[in-house]
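Some notes on the structure that comes next.
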Amino acid sequence: MGVYAGPVQDLIDELGRLPGVGPKSAQRIAFHLLKLPKDDALRLAQVIREVKEKVSWCQRCFNISEGELCGICQDSRRDGTVLCVVEEPRDIVAVEKTQEFKGRYHVLQGAISPIDGIGPDQLKVRELLTRLGSEGIQELILCTNPNIEGEATALYLARLLKDVPDIRVTRIASGLPVGGDLEYADELTLGRALEGRREI
Ligand SMILES: [Zn+2]
């Protein structure tokens with residue numbers, strides 16, 4: 001490492017920190033950027049700056065948001081009594097595509113994964129409990145990924161919420177590709193999984 005000097009190496013290092021980008025890909029992208037016309041490369045830098053300056057987390061559901069509340073939380077036509085609990089904001093996109101869900105969301109911003117040192121305290125679990133106490137929520141649909149971390153997270157939440165009165169806790173039906181991510185499920189399958197949810 002460190003074959004290239006100064007800014008070129010810095011660029012390769014930064015790109016290499018991105019998810020799914022290994023050292024070879026980082027090098028390939030860096031040289032692609034070096035070859036680009038200056039305006040094209042700077043446009044990328046500019047959108048990164050802009051997104052970091054303008055976009056943050058919805059203070060209620062932890063979806064991405066340009067203001068205090070995201071578009072879904074601001075939409076009064078959404079059913080506030082049903083919450084779909086997902087791992088990441090991108091999972092909201094997957095559920096929205098099914099057009100089967102008219103409630104609101106809660107984004108945990110991750111899943112329980114002891115191997116990565118992620119437990120409930122690193123997720124937005126406390127914030128979820130606060131919402132249960134103040135928003136008149138009647139049902140929580142646990143819509144975490146159908147993989148080990150997602151199942152562990154759903155099980156943890158189901159146990160945690162077992163004794164909370166007047167709240168129905170459901171899990172999306174199996175039938176989704178096991179081990180996969182919600183975002184890779186097609187709309188029809190995910191729609192059916194939502195429809196076929198059961199209490200856990
Ligand atoms: Zn929101």
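The chains in the structure tokens are called A, B, ... from first to last as shown; in each chain the residues are counted from 1, and the ligands are counted from 1 in the order shown.
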Do you know which residues are within 12 Å of ligand 1 using only C-alpha atoms and all ligand atoms? Can you write them as a short mmCIF file (atom, residue, chain, number, x, y, z; two decimals) with N, CA and C atoms, in the first residue's frame?
data_model
loop_
_atom_site.label_atom_id
_atom_site.label_comp_id
_atom_site.auth_asym_id
_atom_site.auth_seq_id
_atom_site.Cartn_x
_atom_site.Cartn_y
_atom_site.Cartn_z
N SER A 56 -30.54 14.72 6.63
CA SER A 56 -30.21 14.14 7.92
C SER A 56 -31.29 13.12 8.27
N TRP A 57 -31.51 12.83 9.54
CA TRP A 57 -32.50 11.83 9.94
C TRP A 57 -33.79 12.47 10.42
N CYS A 58 -34.91 11.87 10.05
CA CYS A 58 -36.21 12.28 10.58
C CYS A 58 -36.17 12.09 12.10
N GLN A 59 -36.60 13.10 12.82
CA GLN A 59 -36.49 13.02 14.27
C GLN A 59 -37.50 12.07 14.90
N ARG A 60 -38.49 11.65 14.10
CA ARG A 60 -39.48 10.72 14.64
C ARG A 60 -39.17 9.28 14.23
N CYS A 61 -38.96 9.05 12.92
CA CYS A 61 -38.85 7.65 12.46
C CYS A 61 -37.44 7.27 12.00
N PHE A 62 -36.52 8.24 11.90
CA PHE A 62 -35.13 8.00 11.51
C PHE A 62 -34.96 7.56 10.06
N ASN A 63 -35.97 7.88 9.26
CA ASN A 63 -35.82 7.83 7.81
C ASN A 63 -34.90 9.00 7.41
N ILE A 64 -34.41 9.02 6.18
CA ILE A 64 -33.69 10.21 5.75
C ILE A 64 -34.69 11.36 5.60
N SER A 65 -34.23 12.56 5.86
CA SER A 65 -35.13 13.70 5.83
C SER A 65 -34.37 14.99 5.61
N GLU A 66 -35.01 15.90 4.87
CA GLU A 66 -34.38 17.21 4.66
C GLU A 66 -34.82 18.21 5.71
N GLY A 67 -35.79 17.83 6.51
CA GLY A 67 -36.22 18.71 7.59
C GLY A 67 -36.34 17.91 8.87
N GLU A 68 -37.06 18.47 9.86
CA GLU A 68 -37.21 17.80 11.14
C GLU A 68 -37.94 16.46 10.96
N LEU A 69 -39.00 16.48 10.12
CA LEU A 69 -39.76 15.25 9.86
C LEU A 69 -39.69 14.88 8.38
N CYS A 70 -39.68 13.57 8.11
CA CYS A 70 -39.61 13.11 6.72
C CYS A 70 -40.99 13.25 6.06
N GLY A 71 -41.04 13.05 4.76
CA GLY A 71 -42.28 13.19 4.00
C GLY A 71 -43.38 12.27 4.51
N ILE A 72 -43.04 11.06 4.88
CA ILE A 72 -44.05 10.10 5.33
C ILE A 72 -44.62 10.51 6.69
N CYS A 73 -43.76 10.96 7.59
CA CYS A 73 -44.24 11.41 8.90
C CYS A 73 -45.10 12.67 8.78
N GLN A 74 -44.81 13.48 7.76
CA GLN A 74 -45.58 14.72 7.59
C GLN A 74 -46.93 14.49 6.90
N ASP A 75 -47.07 13.31 6.24
CA ASP A 75 -48.25 13.04 5.44
C ASP A 75 -49.41 12.60 6.34
N SER A 76 -50.42 13.46 6.47
CA SER A 76 -51.52 13.18 7.42
C SER A 76 -52.44 12.06 6.92
N ARG A 78 -51.38 9.15 6.09
CA ARG A 78 -50.83 7.86 6.52
C ARG A 78 -51.44 7.48 7.87
N GLY A 80 -51.37 6.41 11.34
CA GLY A 80 -50.41 6.50 12.43
C GLY A 80 -50.53 5.39 13.47
N LEU A 83 -47.17 0.76 12.61
CA LEU A 83 -45.78 1.09 12.31
C LEU A 83 -45.09 -0.11 11.70
N CYS A 84 -44.40 0.11 10.61
CA CYS A 84 -43.58 -0.93 10.00
C CYS A 84 -42.14 -0.68 10.47
N VAL A 85 -41.57 -1.65 11.17
CA VAL A 85 -40.22 -1.48 11.71
C VAL A 85 -39.21 -2.10 10.74
N PRO A 89 -33.27 2.98 5.99
CA PRO A 89 -34.17 3.80 5.17
C PRO A 89 -34.46 3.19 3.80
N ILE A 92 -37.56 1.15 3.45
CA ILE A 92 -38.83 1.88 3.29
C ILE A 92 -39.19 1.93 1.81
N GLY A 103 -49.33 2.71 6.54
CA GLY A 103 -48.99 3.21 7.87
C GLY A 103 -47.71 4.03 7.86
N ARG A 104 -47.09 4.12 9.02
CA ARG A 104 -45.82 4.85 9.12
C ARG A 104 -44.70 3.86 9.44
N TYR A 105 -43.50 4.39 9.58
CA TYR A 105 -42.32 3.54 9.74
C TYR A 105 -41.53 3.87 11.01
N HIS A 106 -40.65 2.92 11.36
CA HIS A 106 -39.60 3.23 12.32
C HIS A 106 -38.34 2.53 11.82
N VAL A 107 -37.29 3.32 11.63
CA VAL A 107 -36.04 2.77 11.10
C VAL A 107 -35.08 2.51 12.26
N LEU A 108 -34.68 1.27 12.43
CA LEU A 108 -33.78 0.91 13.53
C LEU A 108 -32.35 1.37 13.27
N ARG A 131 -41.95 6.16 21.21
CA ARG A 131 -43.07 6.39 20.28
C ARG A 131 -44.30 5.57 20.70
#
message: Can you tell me which residues surround stretch 14-16 of chain A at a distance of at most 12 Å, considering only C-alpha atoms, apart from same-chain residues fewer than 6 positions away, and format the answer as a list in words?
response: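 What passes the distance filter is Met1, Pro7, Val8, Gly22, Pro23, Lys24, Ser25, Ala26, Gln27, Arg28, Ile29, Ala30, Phe31, His32 and Leu33 of chain A.
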task: Please indicate the distance in Å from atom CA of A:Leu155 to atom CA of A:Ile200, rounded to one decimal place.
output: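 Going from atom CA of A:Leu155 over to atom CA of A:Ile200, I get 8.1 Å.
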message: For a quick check of understanding, using only C-alpha atoms, which of A:Ala158, A:Ala111, A:Leu190, A:Val164 has the smallest distance to A:Thr144?
response: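 Under the stated criterion, the closest residue is A:Ala111.
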field: Atom-to-atom span, atom CA of A:Tyr184 and atom CA of A:Gln109, Å
entry: 17.9 Å
- request: Write down as a PyMOL selection string the residues of chain A whose backbone DSSP state falls under strand (DSSP E or B).
  value: chain A and resi 56-57+64-65+79-86+103-107+113+118+139-142+168-171+198-199
message: What does the structure give for the distance between atom CA of A:Glu100 and atom CA of A:Ile167, in Å to one decimal?
response: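 Atom CA of A:Ile167 lies 20.7 Å from atom CA of A:Glu100.
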